Every structure is written in structure tokens, then in C-alpha cells.
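J.: Just model-v6.cif, nothing more (mmCIF, C-alpha atoms):
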data_final
#
loop_
_atom_site.label_atom_id
_atom_site.label_comp_id
_atom_site.auth_asym_id
_atom_site.auth_seq_id
_atom_site.Cartn_x
_atom_site.Cartn_y
_atom_site.Cartn_z
CA MET N 10 0.00 0.00 0.00
CA ASP N 11 2.86 2.44 0.81
CA ASP N 12 4.37 1.83 -2.63
CA ARG N 13 1.06 2.54 -4.30
CA ARG N 14 0.60 5.71 -2.28
CA ARG N 15 4.07 6.94 -3.26
CA PHE N 16 3.30 6.15 -6.90
CA LEU N 17 0.03 8.07 -6.69
CA LYS N 18 1.82 11.05 -5.11
CA ARG N 19 4.31 11.14 -7.99
CA CYS N 20 1.47 10.94 -10.52
CA LEU N 21 -0.36 13.83 -8.88
CA ALA N 22 2.81 15.93 -8.71
CA GLY N 23 3.55 15.32 -12.37
CA GLY N 24 0.06 15.65 -13.77
CA GLY N 25 -0.22 11.88 -14.23
CA ALA N 26 -3.56 11.66 -12.42
CA ALA N 27 -5.38 13.14 -15.39
CA ALA N 28 -3.85 10.53 -17.67
CA LEU N 29 -4.71 7.71 -15.30
CA GLY N 30 -8.38 8.63 -15.10
CA LEU N 31 -10.77 7.97 -12.22
CA ALA N 32 -11.28 4.30 -12.97
CA ALA N 33 -7.54 3.69 -13.01
CA LEU N 34 -7.13 5.55 -9.74
CA ASP N 35 -9.76 3.32 -8.16
CA ASP N 36 -7.88 0.25 -9.37
CA LEU N 37 -4.59 1.64 -8.12
CA LEU N 38 -5.85 2.33 -4.61
CA GLY N 39 -7.55 -1.03 -4.37
CA PRO N 40 -10.73 -1.86 -2.43
CA PRO N 41 -11.61 0.26 0.60
CA GLU N 42 -11.46 -1.09 4.10
CA PRO N 43 -14.56 -2.85 5.51
CA LEU N 44 -17.41 -0.52 6.41
CA GLY N 45 -18.96 -2.46 9.29
CA LEU N 46 -20.46 -0.04 11.80
CA GLY N 47 -23.28 0.13 14.29
CA PHE N 48 -24.95 2.34 16.86
CA ARG N 49 -23.72 1.56 20.36
CA ASN N 50 -26.34 1.15 23.10
CA ASP N 51 -29.00 2.65 20.80
CA ALA N 52 -31.56 -0.09 21.53
CA ALA N 53 -31.62 0.06 25.31
CA GLY N 54 -35.42 -0.02 25.55
CA PRO N 55 -37.59 -3.16 25.48
CA LEU N 56 -38.52 -4.93 22.26
CA ASP N 57 -41.95 -4.03 20.88
CA ALA N 58 -44.59 -5.95 18.93
CA PHE N 59 -42.76 -5.41 15.66
CA SER N 60 -39.63 -7.33 16.63
CA ARG N 61 -38.78 -10.92 15.75
CA PRO N 62 -35.63 -13.04 16.09
CA ALA N 63 -33.47 -12.19 13.10
CA ALA N 64 -32.17 -14.60 10.51
CA TRP N 65 -28.59 -14.63 9.27
CA SER N 66 -26.51 -13.92 12.37
CA ARG N 67 -23.99 -15.80 14.51
CA ALA N 68 -22.45 -15.45 17.93
CA GLU N 69 -18.83 -14.36 18.29
CA GLY N 70 -18.10 -14.79 21.98
CA SER N 71 -20.23 -12.26 23.84
CA LEU N 72 -20.92 -10.37 20.59
CA VAL N 73 -23.24 -11.05 17.65
CA ARG N 74 -22.33 -10.64 13.98
CA CYS N 75 -25.07 -9.79 11.51
CA GLU N 76 -24.56 -11.66 8.23
CA LEU N 77 -27.32 -10.03 6.21
CA CYS N 78 -25.24 -7.47 4.32
CA PRO N 79 -21.56 -6.80 3.60
CA HIS N 80 -21.29 -4.34 6.50
CA ARG N 81 -21.34 -7.47 8.72
CA CYS N 82 -21.91 -5.41 11.87
CA VAL N 83 -20.52 -6.85 15.12
CA LEU N 84 -22.84 -5.84 17.94
CA ALA N 85 -22.97 -6.08 21.70
CA GLU N 86 -26.06 -6.12 23.91
CA ASN N 87 -28.38 -3.17 23.10
CA ASP N 88 -26.39 -2.19 20.01
CA ARG N 89 -28.24 -1.33 16.81
CA GLY N 90 -26.93 -2.22 13.36
CA PHE N 91 -25.79 0.25 10.70
CA CYS N 92 -29.18 -0.20 8.99
CA ARG N 93 -31.03 0.89 12.19
CA ALA N 94 -33.48 -1.99 11.66
CA ARG N 95 -31.67 -4.74 13.63
CA ALA N 96 -30.48 -4.87 17.25
CA VAL N 97 -29.11 -7.26 19.84
CA LYS N 98 -31.35 -8.02 22.81
CA GLY N 99 -30.90 -10.90 25.22
CA GLY N 100 -27.75 -11.98 23.43
CA ARG N 101 -29.32 -12.47 20.00
CA LEU N 102 -30.07 -10.37 16.95
CA HIS N 103 -33.63 -9.15 16.33
CA THR N 104 -35.32 -7.42 13.43
CA LEU N 105 -37.15 -4.29 14.59
CA ALA N 106 -39.18 -3.93 11.38
CA TYR N 107 -41.78 -6.67 11.16
CA GLY N 108 -45.03 -5.09 10.09
CA ASN N 109 -44.61 -1.47 11.21
CA LEU N 110 -45.20 0.09 7.80
CA CYS N 111 -44.49 3.76 7.29
CA SER N 112 -45.69 3.90 3.69
CA ALA N 113 -48.30 2.05 1.65
CA GLN N 114 -49.71 3.23 -1.65
CA LEU N 115 -50.83 2.00 -5.04
CA ASP N 116 -48.41 2.86 -7.88
CA PRO N 117 -48.14 2.06 -11.57
CA ILE N 118 -45.52 -0.66 -11.93
CA GLU N 119 -43.69 1.54 -14.45
CA LYS N 120 -42.76 3.88 -11.57
CA LYS N 121 -40.43 1.32 -9.96
CA PRO N 122 -39.10 1.48 -12.78
CA LEU N 123 -40.10 -1.81 -14.41
CA TYR N 124 -40.76 -1.63 -18.15
CA HIS N 125 -40.59 -5.32 -19.09
CA PHE N 126 -42.56 -6.78 -16.18
CA LEU N 127 -46.37 -6.81 -16.20
CA PRO N 128 -46.95 -3.47 -17.99
CA ARG N 129 -50.00 -1.46 -16.86
CA THR N 130 -50.21 -3.39 -13.58
CA PRO N 131 -51.07 -1.40 -10.42
CA ILE N 132 -48.67 -2.43 -7.64
CA LEU N 133 -49.11 -2.04 -3.89
CA SER N 134 -45.90 -0.40 -2.66
CA VAL N 135 -44.91 -0.64 1.01
CA ALA N 136 -41.94 0.33 3.17
CA MET N 137 -40.57 0.30 6.71
CA GLY N 138 -37.84 2.47 8.18
CA GLY N 139 -34.14 1.70 7.77
CA CYS N 140 -31.41 1.33 5.15
CA ASN N 141 -27.88 -0.04 4.99
CA LEU N 142 -26.68 2.75 2.67
CA ARG N 143 -26.10 6.47 3.27
CA CYS N 144 -26.85 7.94 -0.14
CA LEU N 145 -26.13 11.66 -0.35
CA ASN N 146 -28.91 12.04 -2.92
CA CYS N 147 -31.58 9.97 -1.14
CA GLN N 148 -35.10 11.20 -1.91
CA ASN N 149 -36.63 9.20 0.94
CA TRP N 150 -34.10 9.99 3.66
CA GLU N 151 -36.85 10.76 6.21
CA ILE N 152 -37.66 7.04 6.36
CA SER N 153 -34.51 5.37 5.06
CA GLN N 154 -32.31 7.11 7.66
CA ALA N 155 -34.77 6.61 10.52
CA ARG N 156 -35.27 3.89 13.08
CA PRO N 157 -38.37 1.79 12.27
CA ALA N 158 -40.07 2.73 15.56
CA ASP N 159 -39.67 6.43 14.83
CA VAL N 160 -41.62 6.37 11.55
CA LYS N 161 -44.14 3.56 12.03
CA ARG N 162 -47.66 4.45 10.97
CA VAL N 163 -49.69 1.27 10.61
CA GLU N 164 -49.42 -2.38 11.64
CA LEU N 165 -49.73 -4.79 8.74
CA LEU N 166 -48.33 -8.26 9.31
CA PRO N 167 -47.43 -10.38 6.25
CA GLU N 168 -50.70 -12.30 6.24
CA ASP N 169 -52.66 -9.05 6.53
CA LEU N 170 -50.73 -7.41 3.71
CA VAL N 171 -51.36 -10.32 1.35
CA ALA N 172 -55.03 -10.53 2.39
CA LEU N 173 -55.41 -6.81 1.69
CA ALA N 174 -53.91 -7.16 -1.78
CA ALA N 175 -55.91 -10.27 -2.62
CA GLY N 176 -59.14 -8.75 -1.34
CA ARG N 177 -58.73 -5.74 -3.63
CA GLY N 178 -57.66 -7.69 -6.67
CA ILE N 179 -54.09 -6.35 -6.59
CA ARG N 180 -51.76 -8.66 -8.53
CA ALA N 181 -48.38 -7.33 -7.38
CA LEU N 182 -46.58 -6.11 -4.26
CA ALA N 183 -43.46 -3.93 -4.16
CA PHE N 184 -41.09 -3.48 -1.24
CA THR N 185 -39.62 -0.09 -1.97
CA TYR N 186 -38.92 3.54 -0.87
CA SER N 187 -36.41 2.37 1.78
CA GLU N 188 -34.10 -0.68 1.52
CA PRO N 189 -36.21 -3.87 1.65
CA LEU N 190 -33.21 -6.13 2.25
CA VAL N 191 -32.78 -4.82 5.82
CA THR N 192 -36.36 -5.93 6.59
CA PHE N 193 -35.46 -9.37 5.30
CA GLU N 194 -37.71 -11.46 7.56
CA TYR N 195 -40.86 -9.48 6.79
CA VAL N 196 -40.17 -9.40 3.05
CA ARG N 197 -39.37 -13.13 2.96
CA ASP N 198 -42.55 -14.09 4.82
CA ALA N 199 -44.82 -11.73 2.90
CA ALA N 200 -43.37 -12.74 -0.47
CA GLY N 201 -43.85 -16.43 0.32
CA LEU N 202 -47.49 -15.87 1.22
CA ALA N 203 -47.99 -13.68 -1.84
CA ARG N 204 -46.62 -16.35 -4.15
CA ALA N 205 -49.00 -18.91 -2.66
CA ALA N 206 -51.86 -16.48 -3.35
CA GLY N 207 -50.79 -15.89 -6.97
CA ILE N 208 -49.50 -12.37 -6.29
CA ARG N 209 -46.18 -11.28 -7.79
CA THR N 210 -43.51 -9.66 -5.61
CA VAL N 211 -41.05 -6.92 -6.60
CA LEU N 212 -38.02 -5.53 -4.76
CA VAL N 213 -36.70 -2.04 -5.41
CA THR N 214 -33.27 -2.30 -3.88
CA ALA N 215 -29.68 -1.10 -3.87
CA GLY N 216 -28.61 -4.76 -3.75
CA PHE N 217 -25.98 -4.45 -0.99
CA ALA N 218 -26.50 -7.94 0.42
CA GLU N 219 -24.69 -11.13 1.33
CA GLU N 220 -25.18 -14.02 -1.05
CA GLY N 221 -26.84 -16.47 1.37
CA PRO N 222 -29.83 -14.32 2.38
CA LEU N 223 -30.09 -12.98 -1.15
CA ARG N 224 -30.52 -16.48 -2.60
CA GLU N 225 -33.11 -17.32 0.06
CA LEU N 226 -35.10 -14.22 -0.80
CA ALA N 227 -34.72 -14.71 -4.55
CA ARG N 228 -36.66 -17.96 -4.33
CA VAL N 229 -39.87 -16.12 -3.40
CA VAL N 230 -39.38 -12.87 -5.34
CA ASP N 231 -40.41 -12.42 -8.98
CA ALA N 232 -38.71 -9.22 -10.12
CA VAL N 233 -36.09 -6.73 -8.95
CA THR N 234 -35.24 -3.19 -9.87
CA LEU N 235 -31.66 -2.72 -8.73
CA ASP N 236 -30.29 0.79 -8.39
CA VAL N 237 -26.55 0.88 -9.08
CA LYS N 238 -25.03 4.05 -7.60
CA SER N 239 -21.81 4.19 -9.62
CA PHE N 240 -19.47 1.96 -11.60
CA ARG N 241 -16.46 3.09 -9.55
CA GLU N 242 -15.57 1.72 -6.13
CA ARG N 243 -14.40 5.01 -4.67
CA ALA N 244 -17.51 6.89 -5.83
CA TYR N 245 -19.66 4.14 -4.34
CA ARG N 246 -18.11 4.66 -0.94
CA GLU N 247 -18.37 8.45 -1.14
CA LEU N 248 -21.91 8.59 -2.50
CA ALA N 249 -23.55 5.71 -0.66
CA GLY N 250 -21.26 4.40 2.10
CA ALA N 251 -21.15 1.03 0.35
CA ARG N 252 -19.12 -0.93 -2.22
CA LEU N 253 -19.67 -1.79 -5.86
CA ALA N 254 -18.40 -5.37 -5.96
CA PRO N 255 -21.14 -6.91 -3.73
CA VAL N 256 -23.80 -5.10 -5.79
CA LEU N 257 -22.50 -6.55 -9.04
CA ARG N 258 -22.51 -9.98 -7.41
CA THR N 259 -26.14 -9.41 -6.40
CA LEU N 260 -27.04 -8.84 -10.04
CA GLU N 261 -25.31 -12.07 -11.01
CA VAL N 262 -27.02 -14.07 -8.26
CA LEU N 263 -30.47 -12.76 -9.18
CA ARG N 264 -29.84 -13.82 -12.75
CA GLU N 265 -28.71 -17.27 -11.60
CA GLU N 266 -31.86 -17.64 -9.49
CA GLY N 267 -34.17 -16.78 -12.39
CA VAL N 268 -35.45 -13.46 -11.01
CA TRP N 269 -36.40 -10.87 -13.64
CA VAL N 270 -33.95 -7.95 -13.26
CA GLU N 271 -33.96 -4.37 -14.51
CA ALA N 272 -31.09 -2.07 -13.54
CA SER N 273 -31.19 1.64 -12.92
CA PHE N 274 -28.29 4.09 -12.82
CA LEU N 275 -28.75 7.59 -11.42
CA MET N 276 -26.54 10.05 -13.28
CA VAL N 277 -25.57 12.56 -10.57
CA THR N 278 -24.30 15.78 -12.11
CA GLY N 279 -20.53 16.02 -11.92
CA LEU N 280 -20.22 12.71 -10.05
CA THR N 281 -21.65 9.83 -12.08
CA ASP N 282 -22.87 11.49 -15.28
CA ALA N 283 -19.86 10.74 -17.49
CA PRO N 284 -21.12 8.82 -20.54
CA ASP N 285 -18.09 6.54 -20.32
CA GLU N 286 -19.03 5.38 -16.81
CA ALA N 287 -22.56 4.47 -17.87
CA GLY N 288 -21.14 2.81 -20.99
CA ARG N 289 -18.74 0.66 -18.98
CA PHE N 290 -21.57 -0.43 -16.68
CA ALA N 291 -23.74 -1.24 -19.70
CA ALA N 292 -20.96 -3.35 -21.20
CA TRP N 293 -20.62 -5.28 -17.93
CA LEU N 294 -24.40 -5.73 -17.74
CA ALA N 295 -24.59 -7.04 -21.30
CA ARG N 296 -21.86 -9.59 -20.58
CA ALA N 297 -23.02 -10.69 -17.13
CA LEU N 298 -26.81 -10.65 -17.46
CA GLY N 299 -27.33 -10.54 -21.20
CA PRO N 300 -28.03 -7.87 -23.84
CA GLY N 301 -31.79 -8.07 -23.21
CA THR N 302 -31.44 -6.68 -19.68
CA PRO N 303 -33.23 -3.29 -19.46
CA LEU N 304 -31.17 -0.35 -18.17
CA HIS N 305 -32.79 2.84 -16.89
CA LEU N 306 -30.52 5.89 -16.95
CA LEU N 307 -32.13 8.27 -14.48
CA ARG N 308 -31.89 12.04 -14.50
CA PHE N 309 -30.71 13.47 -11.18
CA PHE N 310 -32.53 16.31 -9.45
CA PRO N 311 -31.24 18.10 -6.32
CA ALA N 312 -32.08 16.14 -3.15
CA HIS N 313 -31.00 15.57 0.46
CA ARG N 314 -27.29 16.51 0.79
CA LEU N 315 -26.79 17.28 -2.89
CA GLN N 316 -29.11 20.25 -3.09
CA ALA N 317 -26.49 22.47 -4.69
CA ARG N 318 -25.97 20.27 -7.75
CA PRO N 319 -28.04 21.04 -10.86
CA PRO N 320 -30.13 18.45 -12.69
CA THR N 321 -28.27 16.14 -15.05
CA PRO N 322 -27.77 17.88 -18.42
CA LEU N 323 -29.87 16.22 -21.10
CA PRO N 324 -26.92 15.91 -23.51
CA ALA N 325 -25.08 13.82 -20.90
CA LEU N 326 -28.07 11.48 -20.58
CA GLU N 327 -28.41 11.14 -24.34
CA ALA N 328 -24.68 10.49 -24.76
CA ALA N 329 -24.77 7.87 -22.00
CA ARG N 330 -27.71 6.15 -23.67
CA ALA N 331 -25.86 6.05 -26.98
CA ARG N 332 -22.78 4.58 -25.27
CA SER N 333 -24.91 1.98 -23.49
CA LEU N 334 -26.55 0.86 -26.73
CA ASP N 335 -23.15 0.71 -28.42
CA ALA N 336 -21.93 -1.43 -25.50
CA GLY N 337 -24.43 -4.14 -26.45
CA LEU N 338 -27.63 -3.49 -24.49
CA ARG N 339 -30.81 -3.55 -26.55
CA PHE N 340 -33.18 -1.72 -24.17
CA VAL N 341 -31.87 1.51 -22.62
CA TYR N 342 -34.35 4.03 -21.23
CA LEU N 343 -34.10 7.59 -19.93
CA GLY N 344 -35.94 8.15 -16.66
CA ASN N 345 -37.16 11.45 -15.18
CA VAL N 346 -37.23 12.96 -18.69
CA PRO N 347 -40.91 13.59 -19.55
CA GLY N 348 -41.79 13.40 -23.22
CA SER N 349 -38.63 11.54 -24.20
CA GLY N 350 -39.03 8.93 -26.90
CA ALA N 351 -36.33 7.02 -25.01
CA ASN N 352 -39.07 5.81 -22.65
CA ASP N 353 -40.64 3.63 -25.36
CA THR N 354 -39.80 -0.01 -26.01
CA ARG N 355 -38.84 -0.70 -29.60
CA CYS N 356 -38.17 -4.00 -31.31
CA PRO N 357 -34.42 -4.41 -31.76
CA ARG N 358 -35.02 -6.23 -35.07
CA CYS N 359 -37.64 -4.19 -36.96
CA GLY N 360 -37.68 -0.95 -34.94
CA ARG N 361 -41.42 -1.05 -34.29
CA THR N 362 -42.63 0.81 -31.17
CA LEU N 363 -44.07 -1.99 -29.06
CA VAL N 364 -44.74 -0.14 -25.81
CA ALA N 365 -45.44 3.60 -25.97
CA ARG N 366 -45.25 5.37 -22.62
CA GLU N 367 -46.26 8.83 -21.51
CA GLY N 368 -44.75 9.27 -18.08
CA PHE N 369 -45.85 6.16 -16.19
CA VAL N 370 -48.88 5.61 -18.44
CA VAL N 371 -48.69 2.96 -21.16
CA ARG N 372 -50.49 4.30 -24.22
CA ARG N 373 -49.81 1.34 -26.51
CA LEU N 374 -48.82 -2.27 -25.83
CA GLU N 375 -48.13 -4.56 -28.78
CA VAL N 376 -46.15 -7.40 -27.21
CA ALA N 377 -48.06 -10.66 -27.55
CA GLY N 378 -46.74 -13.92 -26.18
CA GLY N 379 -43.45 -12.18 -25.39
CA ARG N 380 -42.86 -11.34 -29.07
CA CYS N 381 -43.00 -8.45 -31.48
CA PRO N 382 -45.43 -8.93 -34.40
CA CYS N 383 -42.31 -9.52 -36.52
CA GLY N 384 -41.52 -12.58 -34.39
CA GLU N 385 -38.61 -11.15 -32.38
CA VAL N 386 -38.53 -12.31 -28.74
CA ILE N 387 -38.80 -9.39 -26.30
CA PRO N 388 -37.30 -10.36 -22.92
CA GLY N 389 -39.51 -9.85 -19.91
CA VAL N 390 -42.78 -10.92 -18.31
CA PHE N 391 -45.62 -9.35 -20.27
CA ALA N 392 -48.59 -11.44 -19.12
#
Represent the structure contained in this file as C-alpha cells.
T.:
Amino acid sequence: MDDRRRFLKRCLAGGGAAALGLAALDDLLGPPEPLGLGFRNDAAGPLDAFSRPAAWSRAEGSLVRCELCPHRCVLAENDRGFCRARAVKGGRLHTLAYGNLCSAQLDPIEKKPLYHFLPRTPILSVAMGGCNLRCLNCQNWEISQARPADVKRVELLPEDLVALAAGRGIRALAFTYSEPLVTFEYVRDAAGLARAAGIRTVLVTAGFAEEGPLRELARVVDAVTLDVKSFRERAYRELAGARLAPVLRTLEVLREEGVWVEASFLMVTGLTDAPDEAGRFAAWLARALGPGTPLHLLRFFPAHRLQARPPTPLPALEAARARSLDAGLRFVYLGNVPGSGANDTRCPRCGRTLVAREGFVVRRLEVAGGRCPCGEVIPGVFA
């Protein structure tokens, strides 16, 4: 490490940093140190009705290690995990978010965004407090950066959630707005019940998870929108307090488990809006998950701790889309850009507009049996 630091210093002194580029600098410095953190003695009060024994943990002497996400927090009695949704009581780890919903509303499925999964389907979207990332641009920071008990609004246990959806003829559930992976037990149980009732389940996630719990969850989940924060390790740490490599592995595991996946990439002005970065991610996505994987390039608007940054320039979005298509992806969309024709799904063979969208409203849908009228297979779940 000392040799690399000296080399970097010489590069900076001689102007070599510009020639190396950001990606090369990330490679030079190597992976960051582990991020495992927690809140000490932050759960000193008694457990409430929304707690359950947590899955994916193990004892380490008098301490407990959470094995749900790559932070792998090591906690003592009354400590709370980095995600704020898990704590040690009585010598074992507990989830503190089992049915204390802080948000529940009916959305169009296109809002997730999901463009190749059950178009025009209303989806019941729910959330509980907590997140294992610290995104500077988070739009839902009031709930994602809160303890579940501080934002709870309504009790809805898994069986009640599924009964509510079934009773109203709702065909899909989404766990979204905050990070659903930190409420693993609730999501797992609700998704299992939903599948038995013929209701599809969607996760909107940042994908910062360990492989074991991810595979367990993937067996009861139908689709995932995964929000990749950057395609550079250093930027990932600075923007989100996480790491890129586990997120890329999450994408691979979801593909292996047969879950339908769409990726999104928020292009933060001056941080992640370089067309080359989006293009490199698109090339990786085409190789690892296949060229039919949809990618949503999202326009950034000022939020949370990035209020001073302007919205992503449209030329940067358009250039990134062109690079992503050149990298081998067949379906690349621009999000948060009303009126853009880049929100429509076109057949990669004949060019026909198969799904015409106006915002989150589908105006035309011409995919039948998963195919274009010309016979081309359109990847996704359309019925």
C-alpha cells in the first residue's frame, strides 16, 4: 500500500492523475477497508410488537455478527446495526421492522421502474424504516435514515398485507422507498405468502446484500429493480457508504436464481454522469446478465445533501444512452425525462414501437406472447 501511495503522489505531482483517469485511480488504490459499523447502546429499551428473532446472524463470543449485508456489523447487547433496523437483545439479533409500515400506496408498476414486467399493472408499494446505505442524494431519507419505531404508521403483518392485496384484486406487491433487504424477515414471509396467493412480488433495492440471504429471498421474489449508484468503487463509498463489488454480485445471483432484473443508474451531475461510466456499466451488464437486460438511466434532481448540484444535463443522458446501446444493451431508457421517446420499447429487429409510454402511463402495448409482431422475442414478463 505504501508503494502505491508513493506512486500516486508522484502521478499527482507530475500531472499523471489526469492521464490515469478515475477508474484507473480506483484500481490503483484497491478496495476500501470494511465498512462495518453500528450504533452503540442505541436499543436500550424493550422490544416491541414489531420485533422478531433475526435470521442470518452468529455469535462471536459475547458479541453477535449480523450476516445479512456486507457491512457485517458486530454488535454487543443493546447495540443497533448500521441499517437501524436490527439490534441485539438478550444476546441475539432481532429485526425491529416486522409489520410497522411507514408507507403504503398504489403505484403504476412503471414507476419502480419496471418496463418489461407486467406493464400497466397497479402495484401495492410498502416500506418500513431503515437502510444499509447512506446515499447523499436519497429522496426518501426521512424514512430510510430513521429507526423503524420512529416512523411507524400502521401495523400490517405479512398475512394481513397479502389478504389486503388479494381482497382488492391487486396482482403485485413492491417493497420499496427504503431498503427492503434490511427488513429481510418481513419481506421473505410476505413474499412467500404472496406467491401462494398468486400475487407477484417486486423488490426495489440497492442490492448491498450477502449471497446467502439474497438467494433465500430470490426464491420467493419475482422481479427486482436494482439501483446501481456508480461503476467506480471510490464513488460508491463516497456517494452511498457502500461498495460496488457486492452489488455486481447481487445482479449475477439474481440472474442465476431466475429473477427478472432491470437495472437503474442515477446520473448525478458532476459525479456519475460521465457517458463513459454508464457505458462501462452497460458493457458489464450485457456480458453478465445478457443484452436483453433493461437499463434505466435516471436524471438526477437536487435532493438531500446534494441540493447544490443542478439536474443532469440532457446531452449527458443522451450520450450515456448512446454509449450503453453501443456497449451491447438492446433496451436503454431515460428516466425522469418527460416526453422523451427514449421511454418507449422498440423492437431491436424491426424498430417497431411496441410499448409507448407517456410518463408512467402505457399508451400502446403490442407485445403478444413475449414477441413483437415480426416474431422477435422481447425479454420480460408481459402477461
J.: Counting all atoms listed in the file, what is within 12 Å of N:Gln316, bar same-chain residues fewer than 6 positions away, as a list in words?
T.: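 Everything that qualifies: Leu145, Asn146, Cys147, Gln148, Val277, Thr278, Phe309 and Phe310 of chain N.
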J.: Write the residues of the selection above to a file with C-alpha atoms, as a PDB file, keeping the file's coordinate frame.
T.:
ATOM      1  CA  LEU N 145     -26.130  11.660  -0.350  1.00  0.00           C
ATOM      2  CA  ASN N 146     -28.910  12.040  -2.920  1.00  0.00           C
ATOM      3  CA  CYS N 147     -31.580   9.970  -1.140  1.00  0.00           C
ATOM      4  CA  GLN N 148     -35.100  11.200  -1.910  1.00  0.00           C
ATOM      5  CA  VAL N 277     -25.570  12.560 -10.570  1.00  0.00           C
ATOM      6  CA  THR N 278     -24.300  15.780 -12.110  1.00  0.00           C
ATOM      7  CA  PHE N 309     -30.710  13.470 -11.180  1.00  0.00           C
ATOM      8  CA  PHE N 310     -32.530  16.310  -9.450  1.00  0.00           C
TER       9      PHE N 310
END
J.: Apply the PyMOL selection byres ((chain N and resi 142) around 8) to the structure shown and report the selected residues as a list in words.
T.: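 Against this file, the PyMOL selection byres ((chain N and resi 142) around 8) returns the residues Cys92, Cys140, Asn141, Arg143, Cys144, Ala249, Gly250 and Ala251 of chain N.
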J.: Give me the residues of stretch 56-128 of chain N that have any atom at most 12 Å from an atom of stretch 255-276 of chain N; for each, the nearest atom pair and the distance in Å, rounded to one decimal. Use all atoms listed in the file, sort by chain and number, and format it as a Markdown table.
T.:
| residue | atom | partner | partner_atom | distance |
| --- | --- | --- | --- | --- |
| N:Cys78 | CA | N:Pro255 | CA | 9.1 |
| N:Pro79 | CA | N:Pro255 | CA | 7.3 |
| N:His80 | CA | N:Pro255 | CA | 10.5 |
| N:Glu119 | CA | N:Glu271 | CA | 11.4 |
| N:Lys120 | CA | N:Ser273 | CA | 11.9 |
| N:Lys121 | CA | N:Ser273 | CA | 9.7 |
| N:Pro122 | CA | N:Ser273 | CA | 7.9 |
| N:Leu123 | CA | N:Glu271 | CA | 6.7 |
| N:Tyr124 | CA | N:Glu271 | CA | 8.2 |
| N:His125 | CA | N:Glu271 | CA | 8.1 |
| N:Phe126 | CA | N:Trp269 | CA | 7.8 |
| N:Leu127 | CA | N:Trp269 | CA | 11.1 |
J.: Go ahead and dump the residues you just picked, C-alpha atoms, as a PDB file, keeping the file's coordinate frame.
T.:
ATOM      1  CA  CYS N  78     -25.240  -7.470   4.320  1.00  0.00           C
ATOM      2  CA  PRO N  79     -21.560  -6.800   3.600  1.00  0.00           C
ATOM      3  CA  HIS N  80     -21.290  -4.340   6.500  1.00  0.00           C
ATOM      4  CA  GLU N 119     -43.690   1.540 -14.450  1.00  0.00           C
ATOM      5  CA  LYS N 120     -42.760   3.880 -11.570  1.00  0.00           C
ATOM      6  CA  LYS N 121     -40.430   1.320  -9.960  1.00  0.00           C
ATOM      7  CA  PRO N 122     -39.100   1.480 -12.780  1.00  0.00           C
ATOM      8  CA  LEU N 123     -40.100  -1.810 -14.410  1.00  0.00           C
ATOM      9  CA  TYR N 124     -40.760  -1.630 -18.150  1.00  0.00           C
ATOM     10  CA  HIS N 125     -40.590  -5.320 -19.090  1.00  0.00           C
ATOM     11  CA  PHE N 126     -42.560  -6.780 -16.180  1.00  0.00           C
ATOM     12  CA  LEU N 127     -46.370  -6.810 -16.200  1.00  0.00           C
TER      13      LEU N 127
END
J.: Rank N:Arg89, N:Arg380, N:Lys238, N:Arg95 by their smallest atom-to-atom distance to N:Leu253, using only C-alpha atoms, and report the top residue only.
T.: N:Lys238
J.: Return as an MDAnalysis selection string the set of residues that the PyMOL selection byres ((chain N and resi 222) around 9) yields on the displayed structure.
T.: chainID N and resid 64:65 76:78 190 193 218:221 223:227
J.: Name the residues captured by the PyMOL selection byres ((chain N and resi 111) around 12) when it is applied to the shown file; answer as a count of residues only.
T.: 33
J.: Would you work out the distance separating atom CA of N:Thr104 from atom CA of N:Leu46, expressed in Å to one decimal?
T.: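 Computing it gives 16.7 Å between the two atoms.
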J.: Assuming the input is short of atoms at stretch 177-192 of chain N, produce N, CA and C atoms for that part as a CSV table (one decimal), in the coordinates of the input.
T.:
chain,number,residue,atom,x,y,z
N,177,ARG,N,-58.5,-6.9,-2.7
N,177,ARG,CA,-58.7,-5.7,-3.6
N,177,ARG,C,-58.3,-6.0,-5.1
N,178,GLY,N,-58.0,-7.3,-5.3
N,178,GLY,CA,-57.7,-7.7,-6.7
N,178,GLY,C,-56.3,-7.2,-7.2
N,179,ILE,N,-55.4,-6.9,-6.2
N,179,ILE,CA,-54.1,-6.4,-6.6
N,179,ILE,C,-53.2,-7.5,-6.9
N,180,ARG,N,-52.5,-7.5,-8.0
N,180,ARG,CA,-51.8,-8.7,-8.5
N,180,ARG,C,-50.3,-8.6,-8.2
N,181,ALA,N,-49.8,-7.5,-7.6
N,181,ALA,CA,-48.4,-7.3,-7.4
N,181,ALA,C,-48.1,-6.5,-6.2
N,182,LEU,N,-47.1,-6.9,-5.4
N,182,LEU,CA,-46.6,-6.1,-4.3
N,182,LEU,C,-45.2,-5.6,-4.5
N,183,ALA,N,-44.8,-4.4,-4.1
N,183,ALA,CA,-43.5,-3.9,-4.2
N,183,ALA,C,-43.0,-3.5,-2.8
N,184,PHE,N,-41.8,-3.9,-2.5
N,184,PHE,CA,-41.1,-3.5,-1.2
N,184,PHE,C,-40.1,-2.4,-1.7
N,185,THR,N,-40.3,-1.2,-1.3
N,185,THR,CA,-39.6,-0.1,-2.0
N,185,THR,C,-39.5,1.1,-1.0
N,186,TYR,N,-39.1,2.3,-1.6
N,186,TYR,CA,-38.9,3.5,-0.9
N,186,TYR,C,-37.8,3.6,0.1
N,187,SER,N,-37.6,2.6,1.0
N,187,SER,CA,-36.4,2.4,1.8
N,187,SER,C,-35.8,1.1,1.3
N,188,GLU,N,-34.8,0.5,2.0
N,188,GLU,CA,-34.1,-0.7,1.5
N,188,GLU,C,-34.8,-1.9,2.0
N,189,PRO,N,-35.5,-2.7,1.2
N,189,PRO,CA,-36.2,-3.9,1.6
N,189,PRO,C,-35.3,-5.0,2.2
N,190,LEU,N,-34.1,-5.0,1.8
N,190,LEU,CA,-33.2,-6.1,2.2
N,190,LEU,C,-33.0,-6.1,3.8
N,191,VAL,N,-33.0,-4.9,4.4
N,191,VAL,CA,-32.8,-4.8,5.8
N,191,VAL,C,-34.0,-5.2,6.6
N,192,THR,N,-35.2,-5.4,5.9
N,192,THR,CA,-36.4,-5.9,6.6
N,192,THR,C,-36.6,-7.3,6.1
